[in-house]
$ cat upload.cif   # mmCIF, N, CA and C atoms
data_work
loop_
_atom_site.label_atom_id
_atom_site.label_comp_id
_atom_site.auth_asym_id
_atom_site.auth_seq_id
_atom_site.Cartn_x
_atom_site.Cartn_y
_atom_site.Cartn_z
N MET A 1 120.78 -3.29 13.40
CA MET A 1 121.48 -3.14 14.66
C MET A 1 122.33 -4.38 14.96
N LEU A 2 121.83 -5.57 14.61
CA LEU A 2 122.56 -6.80 14.84
C LEU A 2 123.91 -6.78 14.12
N ILE A 3 123.91 -6.26 12.90
CA ILE A 3 125.15 -6.18 12.13
C ILE A 3 126.20 -5.40 12.90
N TYR A 4 125.81 -4.28 13.46
CA TYR A 4 126.74 -3.42 14.20
C TYR A 4 127.37 -4.19 15.36
N PHE A 5 126.55 -4.89 16.15
CA PHE A 5 127.08 -5.61 17.32
C PHE A 5 127.98 -6.77 16.93
N LEU A 6 127.62 -7.50 15.89
CA LEU A 6 128.48 -8.60 15.44
C LEU A 6 129.85 -8.09 15.01
N VAL A 7 129.85 -7.06 14.20
CA VAL A 7 131.11 -6.51 13.67
C VAL A 7 131.93 -5.88 14.80
N MET A 8 131.29 -5.16 15.71
CA MET A 8 132.03 -4.53 16.81
C MET A 8 132.66 -5.58 17.72
N ASN A 9 131.96 -6.67 17.98
CA ASN A 9 132.53 -7.74 18.81
C ASN A 9 133.73 -8.37 18.13
N VAL A 10 133.64 -8.59 16.84
CA VAL A 10 134.76 -9.17 16.10
C VAL A 10 135.95 -8.20 16.09
N LYS A 11 135.68 -6.91 15.93
CA LYS A 11 136.77 -5.93 15.96
C LYS A 11 137.48 -5.95 17.31
N MET A 12 136.73 -6.08 18.39
CA MET A 12 137.35 -6.14 19.72
C MET A 12 138.20 -7.39 19.87
N LEU A 13 137.72 -8.53 19.37
CA LEU A 13 138.50 -9.76 19.43
C LEU A 13 139.82 -9.60 18.66
N ILE A 14 139.73 -9.02 17.48
CA ILE A 14 140.92 -8.82 16.65
C ILE A 14 141.92 -7.91 17.36
N GLN A 15 141.42 -6.83 17.96
CA GLN A 15 142.30 -5.86 18.62
C GLN A 15 143.00 -6.45 19.84
N THR A 16 142.42 -7.47 20.46
CA THR A 16 143.07 -8.10 21.61
C THR A 16 144.18 -9.06 21.19
N GLY A 17 144.24 -9.38 19.91
CA GLY A 17 145.29 -10.27 19.42
C GLY A 17 144.90 -11.73 19.36
N ILE A 18 143.63 -12.03 19.53
CA ILE A 18 143.17 -13.42 19.44
C ILE A 18 143.44 -13.95 18.04
N MET A 19 144.00 -15.15 17.97
CA MET A 19 144.37 -15.72 16.68
C MET A 19 143.42 -16.82 16.20
N GLU A 20 142.55 -17.31 17.10
CA GLU A 20 141.62 -18.35 16.69
C GLU A 20 140.33 -18.23 17.51
N VAL A 21 139.21 -18.42 16.82
CA VAL A 21 137.90 -18.40 17.45
C VAL A 21 137.26 -19.77 17.22
N VAL A 22 136.79 -20.39 18.29
CA VAL A 22 136.06 -21.65 18.20
C VAL A 22 134.65 -21.38 18.71
N TYR A 23 133.65 -21.71 17.89
CA TYR A 23 132.28 -21.40 18.26
C TYR A 23 131.41 -22.65 18.21
N LEU A 24 130.31 -22.61 18.96
CA LEU A 24 129.40 -23.74 19.03
C LEU A 24 128.33 -23.71 17.95
N SER A 25 127.84 -22.51 17.62
CA SER A 25 126.70 -22.40 16.71
C SER A 25 126.93 -21.26 15.72
N ASP A 26 126.50 -21.47 14.50
CA ASP A 26 126.57 -20.41 13.48
C ASP A 26 125.13 -19.96 13.19
N LYS A 27 124.49 -19.50 14.25
CA LYS A 27 123.07 -19.14 14.22
C LYS A 27 122.72 -18.15 13.11
N TYR A 28 123.62 -17.23 12.83
CA TYR A 28 123.34 -16.18 11.84
C TYR A 28 124.07 -16.41 10.52
N ALA A 29 124.36 -17.65 10.19
CA ALA A 29 125.04 -17.98 8.94
C ALA A 29 124.29 -17.37 7.75
N GLY A 30 125.03 -16.73 6.88
CA GLY A 30 124.45 -16.14 5.68
C GLY A 30 123.90 -14.74 5.87
N LYS A 31 123.80 -14.29 7.12
CA LYS A 31 123.31 -12.93 7.37
C LYS A 31 124.43 -11.94 7.11
N GLU A 32 124.06 -10.72 6.80
CA GLU A 32 125.03 -9.69 6.42
C GLU A 32 126.09 -9.46 7.50
N GLY A 33 125.67 -9.35 8.75
CA GLY A 33 126.61 -9.11 9.84
C GLY A 33 127.58 -10.26 10.03
N ASN A 34 127.09 -11.47 9.85
CA ASN A 34 127.92 -12.65 9.97
C ASN A 34 128.97 -12.68 8.86
N GLU A 35 128.55 -12.39 7.66
CA GLU A 35 129.49 -12.37 6.53
C GLU A 35 130.54 -11.27 6.70
N ALA A 36 130.13 -10.10 7.18
CA ALA A 36 131.07 -9.00 7.42
C ALA A 36 132.07 -9.38 8.50
N SER A 37 131.60 -10.05 9.54
CA SER A 37 132.49 -10.48 10.62
C SER A 37 133.52 -11.48 10.12
N LYS A 38 133.08 -12.44 9.33
CA LYS A 38 134.00 -13.44 8.78
C LYS A 38 135.00 -12.80 7.82
N TYR A 39 134.56 -11.80 7.08
CA TYR A 39 135.46 -11.07 6.19
C TYR A 39 136.57 -10.41 7.00
N LEU A 40 136.21 -9.76 8.12
CA LEU A 40 137.21 -9.11 8.97
C LEU A 40 138.18 -10.14 9.55
N LEU A 41 137.66 -11.26 10.01
CA LEU A 41 138.53 -12.30 10.56
C LEU A 41 139.49 -12.81 9.50
N ASP A 42 139.00 -13.05 8.30
CA ASP A 42 139.85 -13.50 7.20
C ASP A 42 140.92 -12.47 6.87
N ALA A 43 140.51 -11.22 6.80
CA ALA A 43 141.44 -10.14 6.43
C ALA A 43 142.56 -9.98 7.46
N CYS A 44 142.28 -10.33 8.71
CA CYS A 44 143.27 -10.18 9.78
C CYS A 44 143.99 -11.49 10.11
N GLY A 45 143.67 -12.54 9.37
CA GLY A 45 144.35 -13.82 9.58
C GLY A 45 143.91 -14.58 10.82
N VAL A 46 142.73 -14.27 11.32
CA VAL A 46 142.21 -14.98 12.49
C VAL A 46 141.43 -16.20 12.02
N ARG A 47 141.82 -17.38 12.53
CA ARG A 47 141.13 -18.61 12.16
C ARG A 47 139.83 -18.72 12.95
N TYR A 48 138.82 -19.31 12.35
CA TYR A 48 137.57 -19.57 13.06
C TYR A 48 137.02 -20.91 12.61
N ASN A 49 136.59 -21.70 13.59
CA ASN A 49 136.09 -23.04 13.33
C ASN A 49 134.96 -23.37 14.28
N ARG A 50 134.01 -24.12 13.77
CA ARG A 50 132.93 -24.60 14.61
C ARG A 50 133.42 -25.81 15.39
N LEU A 51 133.09 -25.86 16.68
CA LEU A 51 133.47 -26.98 17.52
C LEU A 51 132.65 -28.20 17.13
N GLU A 52 133.32 -29.23 16.69
CA GLU A 52 132.65 -30.48 16.32
C GLU A 52 132.86 -31.45 17.46
N SER A 53 131.79 -31.76 18.16
CA SER A 53 131.89 -32.66 19.29
C SER A 53 130.60 -33.44 19.46
N SER A 54 130.73 -34.68 19.80
CA SER A 54 129.54 -35.48 20.09
C SER A 54 129.10 -35.26 21.54
N TYR A 55 129.97 -34.63 22.32
CA TYR A 55 129.68 -34.35 23.72
C TYR A 55 129.08 -32.96 23.81
N GLN A 56 127.83 -32.88 24.18
CA GLN A 56 127.15 -31.59 24.32
C GLN A 56 126.80 -31.37 25.78
N LYS A 57 127.11 -30.20 26.28
CA LYS A 57 126.85 -29.88 27.68
C LYS A 57 126.39 -28.43 27.75
N ASP A 58 125.45 -28.16 28.64
CA ASP A 58 125.02 -26.78 28.86
C ASP A 58 126.09 -26.03 29.63
N ILE A 59 126.24 -24.76 29.33
CA ILE A 59 127.19 -23.91 30.04
C ILE A 59 126.37 -22.86 30.77
N LEU A 60 126.57 -22.75 32.08
CA LEU A 60 125.86 -21.78 32.89
C LEU A 60 126.87 -20.77 33.42
N ILE A 61 126.61 -19.51 33.15
CA ILE A 61 127.48 -18.45 33.64
C ILE A 61 126.70 -17.64 34.66
N SER A 62 127.21 -17.56 35.87
CA SER A 62 126.56 -16.80 36.92
C SER A 62 127.36 -15.54 37.20
N LEU A 63 126.68 -14.42 37.30
CA LEU A 63 127.33 -13.15 37.58
C LEU A 63 127.13 -12.73 39.05
N LYS A 64 126.59 -13.63 39.85
CA LYS A 64 126.40 -13.35 41.27
C LYS A 64 127.71 -13.47 42.01
N GLU A 65 127.86 -12.66 43.03
CA GLU A 65 129.04 -12.77 43.89
C GLU A 65 128.86 -13.97 44.81
N GLU A 66 129.95 -14.54 45.24
CA GLU A 66 129.93 -15.75 46.07
C GLU A 66 129.15 -15.58 47.37
N ASN A 67 129.20 -14.44 48.01
CA ASN A 67 128.59 -14.23 49.33
C ASN A 67 127.13 -13.76 49.26
N GLN A 68 126.47 -13.91 48.16
CA GLN A 68 125.08 -13.46 48.08
C GLN A 68 124.14 -14.62 48.19
#

$ encode --input "upload.cif" --output "structure tokens"
Amino acid sequence: MLIYFLVMNVKMLIQTGIMEVVYLSDKYAGKEGNEASKYLLDACGVRYNRLESSYQKDILISLKEENQ
């Protein structure tokens, strides 16, 4: 199931016209879904690179509305 979601997310990124992906972690490196996703990105000319930074910060995303 993981393979399906990885590949579908990459297909959506490609269809939107994104030309570069920068990611923090390659948690699934070497897994089948990861390799398939990278193959699709390569085939479509989308660059992908891991963010190399000595500055690490947590990112918090809240889906709550402001008035709640």

$ resolve_selection --input "upload.cif" --expression "the PyMOL selection byres (((chain A and resi 53 and name CA) around 12) and name CA)" --output "short mmCIF file (atom, residue, chain, number, x, y, z; two decimals) with N, CA and C atoms, in the coordinates of the input"
data_model
loop_
_atom_site.label_atom_id
_atom_site.label_comp_id
_atom_site.auth_asym_id
_atom_site.auth_seq_id
_atom_site.Cartn_x
_atom_site.Cartn_y
_atom_site.Cartn_z
N VAL A 22 136.79 -20.39 18.29
CA VAL A 22 136.06 -21.65 18.20
C VAL A 22 134.65 -21.38 18.71
N TYR A 23 133.65 -21.71 17.89
CA TYR A 23 132.28 -21.40 18.26
C TYR A 23 131.41 -22.65 18.21
N LEU A 24 130.31 -22.61 18.96
CA LEU A 24 129.40 -23.74 19.03
C LEU A 24 128.33 -23.71 17.95
N SER A 25 127.84 -22.51 17.62
CA SER A 25 126.70 -22.40 16.71
C SER A 25 126.93 -21.26 15.72
N ARG A 50 134.01 -24.12 13.77
CA ARG A 50 132.93 -24.60 14.61
C ARG A 50 133.42 -25.81 15.39
N LEU A 51 133.09 -25.86 16.68
CA LEU A 51 133.47 -26.98 17.52
C LEU A 51 132.65 -28.20 17.13
N GLU A 52 133.32 -29.23 16.69
CA GLU A 52 132.65 -30.48 16.32
C GLU A 52 132.86 -31.45 17.46
N SER A 54 130.73 -34.68 19.80
CA SER A 54 129.54 -35.48 20.09
C SER A 54 129.10 -35.26 21.54
N TYR A 55 129.97 -34.63 22.32
CA TYR A 55 129.68 -34.35 23.72
C TYR A 55 129.08 -32.96 23.81
N GLN A 56 127.83 -32.88 24.18
CA GLN A 56 127.15 -31.59 24.32
C GLN A 56 126.80 -31.37 25.78
N LYS A 57 127.11 -30.20 26.28
CA LYS A 57 126.85 -29.88 27.68
C LYS A 57 126.39 -28.43 27.75
#

$ residues_around --input "upload.cif" --residues "range 29-33 of chain A" --least-positions-apart "5" --cutoff "10 Å" --atoms "only C-alpha atoms" --output "MDAnalysis selection string"
chainID A and resid 1:8 38:39

$ write_last_selection --input "upload.cif" --atoms "N, CA and C atoms" --output "mmCIF file, in the coordinates of the input"
data_model
loop_
_atom_site.group_PDB
_atom_site.id
_atom_site.type_symbol
_atom_site.label_atom_id
_atom_site.label_comp_id
_atom_site.auth_asym_id
_atom_site.auth_seq_id
_atom_site.Cartn_x
_atom_site.Cartn_y
_atom_site.Cartn_z
ATOM 1 N N MET A 1 120.780 -3.290 13.400
ATOM 2 C CA MET A 1 121.480 -3.140 14.660
ATOM 3 C C MET A 1 122.330 -4.380 14.960
ATOM 4 N N LEU A 2 121.830 -5.570 14.610
ATOM 5 C CA LEU A 2 122.560 -6.800 14.840
ATOM 6 C C LEU A 2 123.910 -6.780 14.120
ATOM 7 N N ILE A 3 123.910 -6.260 12.900
ATOM 8 C CA ILE A 3 125.150 -6.180 12.130
ATOM 9 C C ILE A 3 126.200 -5.400 12.900
ATOM 10 N N TYR A 4 125.810 -4.280 13.460
ATOM 11 C CA TYR A 4 126.740 -3.420 14.200
ATOM 12 C C TYR A 4 127.370 -4.190 15.360
ATOM 13 N N PHE A 5 126.550 -4.890 16.150
ATOM 14 C CA PHE A 5 127.080 -5.610 17.320
ATOM 15 C C PHE A 5 127.980 -6.770 16.930
ATOM 16 N N LEU A 6 127.620 -7.500 15.890
ATOM 17 C CA LEU A 6 128.480 -8.600 15.440
ATOM 18 C C LEU A 6 129.850 -8.090 15.010
ATOM 19 N N VAL A 7 129.850 -7.060 14.200
ATOM 20 C CA VAL A 7 131.110 -6.510 13.670
ATOM 21 C C VAL A 7 131.930 -5.880 14.800
ATOM 22 N N MET A 8 131.290 -5.160 15.710
ATOM 23 C CA MET A 8 132.030 -4.530 16.810
ATOM 24 C C MET A 8 132.660 -5.580 17.720
ATOM 25 N N LYS A 38 133.080 -12.440 9.330
ATOM 26 C CA LYS A 38 134.000 -13.440 8.780
ATOM 27 C C LYS A 38 135.000 -12.800 7.820
ATOM 28 N N TYR A 39 134.560 -11.800 7.080
ATOM 29 C CA TYR A 39 135.460 -11.070 6.190
ATOM 30 C C TYR A 39 136.570 -10.410 7.000
#

$ atom_distance --input "upload.cif" --atom1 "CA of Ser37 in chain A" --atom2 "CA of Met19 in chain A"
14.3 Å

$ atom_distance --input "upload.cif" --atom1 "atom C of Asn9 in chain A" --atom2 "atom C of Asp58 in chain A"
22.4 Å

$ atom_distance --input "upload.cif" --atom1 "atom N of Tyr28 in chain A" --atom2 "CA of Val10 in chain A"
14.1 Å

$ decode --input "upload.cif" --residues "range 38-50 of chain A" --atoms "all heavy atoms" --output "short mmCIF file (atom, residue, chain, number, x, y, z; two decimals), in the first residue's frame"
data_model
loop_
_atom_site.label_atom_id
_atom_site.label_comp_id
_atom_site.auth_asym_id
_atom_site.auth_seq_id
_atom_site.Cartn_x
_atom_site.Cartn_y
_atom_site.Cartn_z
N LYS A 38 11.38 7.90 -7.59
CA LYS A 38 12.57 8.56 -8.15
C LYS A 38 12.69 8.29 -9.65
O LYS A 38 13.11 9.17 -10.41
CB LYS A 38 13.82 8.11 -7.41
CG LYS A 38 13.89 8.70 -6.00
CD LYS A 38 15.14 8.27 -5.27
CE LYS A 38 15.22 8.92 -3.89
NZ LYS A 38 16.41 8.51 -3.16
N TYR A 39 12.31 7.11 -10.08
CA TYR A 39 12.31 6.79 -11.51
C TYR A 39 11.37 7.74 -12.25
O TYR A 39 11.72 8.27 -13.32
CB TYR A 39 11.91 5.33 -11.73
CG TYR A 39 11.78 4.97 -13.19
CD1 TYR A 39 12.89 4.65 -13.94
CD2 TYR A 39 10.54 4.98 -13.81
CE1 TYR A 39 12.78 4.33 -15.28
CE2 TYR A 39 10.41 4.68 -15.16
CZ TYR A 39 11.53 4.35 -15.89
OH TYR A 39 11.41 4.05 -17.22
N LEU A 40 10.16 7.95 -11.71
CA LEU A 40 9.20 8.85 -12.35
C LEU A 40 9.74 10.28 -12.39
O LEU A 40 9.62 10.96 -13.42
CB LEU A 40 7.88 8.85 -11.58
CG LEU A 40 6.95 7.67 -11.80
CD1 LEU A 40 5.77 7.74 -10.83
CD2 LEU A 40 6.45 7.66 -13.23
N LEU A 41 10.33 10.73 -11.29
CA LEU A 41 10.89 12.08 -11.27
C LEU A 41 11.99 12.23 -12.30
O LEU A 41 12.04 13.23 -13.04
CB LEU A 41 11.41 12.41 -9.87
CG LEU A 41 10.36 12.54 -8.76
CD1 LEU A 41 11.03 12.62 -7.40
CD2 LEU A 41 9.46 13.74 -8.99
N ASP A 42 12.86 11.24 -12.39
CA ASP A 42 13.94 11.27 -13.39
C ASP A 42 13.38 11.29 -14.80
O ASP A 42 13.84 12.06 -15.66
CB ASP A 42 14.87 10.06 -13.22
CG ASP A 42 15.73 10.14 -11.98
OD1 ASP A 42 15.97 11.26 -11.47
OD2 ASP A 42 16.17 9.08 -11.51
N ALA A 43 12.40 10.44 -15.05
CA ALA A 43 11.81 10.33 -16.40
C ALA A 43 11.15 11.64 -16.83
O ALA A 43 11.11 11.95 -18.03
CB ALA A 43 10.80 9.19 -16.44
N CYS A 44 10.66 12.41 -15.88
CA CYS A 44 9.97 13.67 -16.19
C CYS A 44 10.87 14.89 -16.04
O CYS A 44 10.41 16.02 -16.20
CB CYS A 44 8.73 13.81 -15.32
SG CYS A 44 7.51 12.55 -15.70
N GLY A 45 12.13 14.67 -15.70
CA GLY A 45 13.07 15.78 -15.59
C GLY A 45 12.91 16.63 -14.34
O GLY A 45 13.34 17.78 -14.32
N VAL A 46 12.28 16.07 -13.32
CA VAL A 46 12.12 16.81 -12.06
C VAL A 46 13.34 16.53 -11.17
O VAL A 46 13.67 15.38 -10.92
CB VAL A 46 10.82 16.38 -11.33
CG1 VAL A 46 10.68 17.13 -10.01
CG2 VAL A 46 9.60 16.62 -12.22
N ARG A 47 14.00 17.60 -10.74
CA ARG A 47 15.15 17.45 -9.86
C ARG A 47 14.69 17.20 -8.43
O ARG A 47 13.66 17.72 -8.01
CB ARG A 47 16.01 18.72 -9.90
CG ARG A 47 16.61 19.01 -11.25
CD ARG A 47 17.45 20.29 -11.24
NE ARG A 47 16.75 21.46 -10.70
CZ ARG A 47 15.93 22.25 -11.39
NH1 ARG A 47 15.69 21.98 -12.65
NH2 ARG A 47 15.36 23.29 -10.83
N TYR A 48 15.46 16.42 -7.69
CA TYR A 48 15.15 16.20 -6.28
C TYR A 48 16.46 16.13 -5.50
O TYR A 48 17.43 15.55 -5.94
CB TYR A 48 14.31 14.93 -6.06
CG TYR A 48 14.86 13.69 -6.70
CD1 TYR A 48 15.71 12.83 -5.98
CD2 TYR A 48 14.56 13.35 -8.01
CE1 TYR A 48 16.21 11.68 -6.56
CE2 TYR A 48 15.06 12.20 -8.59
CZ TYR A 48 15.88 11.38 -7.86
OH TYR A 48 16.40 10.24 -8.44
N ASN A 49 16.47 16.83 -4.38
CA ASN A 49 17.67 16.92 -3.55
C ASN A 49 17.29 16.96 -2.09
O ASN A 49 16.29 17.56 -1.71
CB ASN A 49 18.46 18.20 -3.87
CG ASN A 49 18.95 18.21 -5.28
OD1 ASN A 49 19.77 17.39 -5.65
ND2 ASN A 49 18.44 19.13 -6.08
N ARG A 50 18.14 16.35 -1.29
CA ARG A 50 17.95 16.41 0.15
C ARG A 50 18.48 17.74 0.66
O ARG A 50 19.56 18.19 0.26
CB ARG A 50 18.68 15.26 0.84
CG ARG A 50 18.43 15.24 2.31
CD ARG A 50 18.94 13.98 2.93
NE ARG A 50 18.59 14.01 4.36
CZ ARG A 50 19.06 13.16 5.23
NH1 ARG A 50 19.87 12.21 4.84
NH2 ARG A 50 18.69 13.24 6.48
#
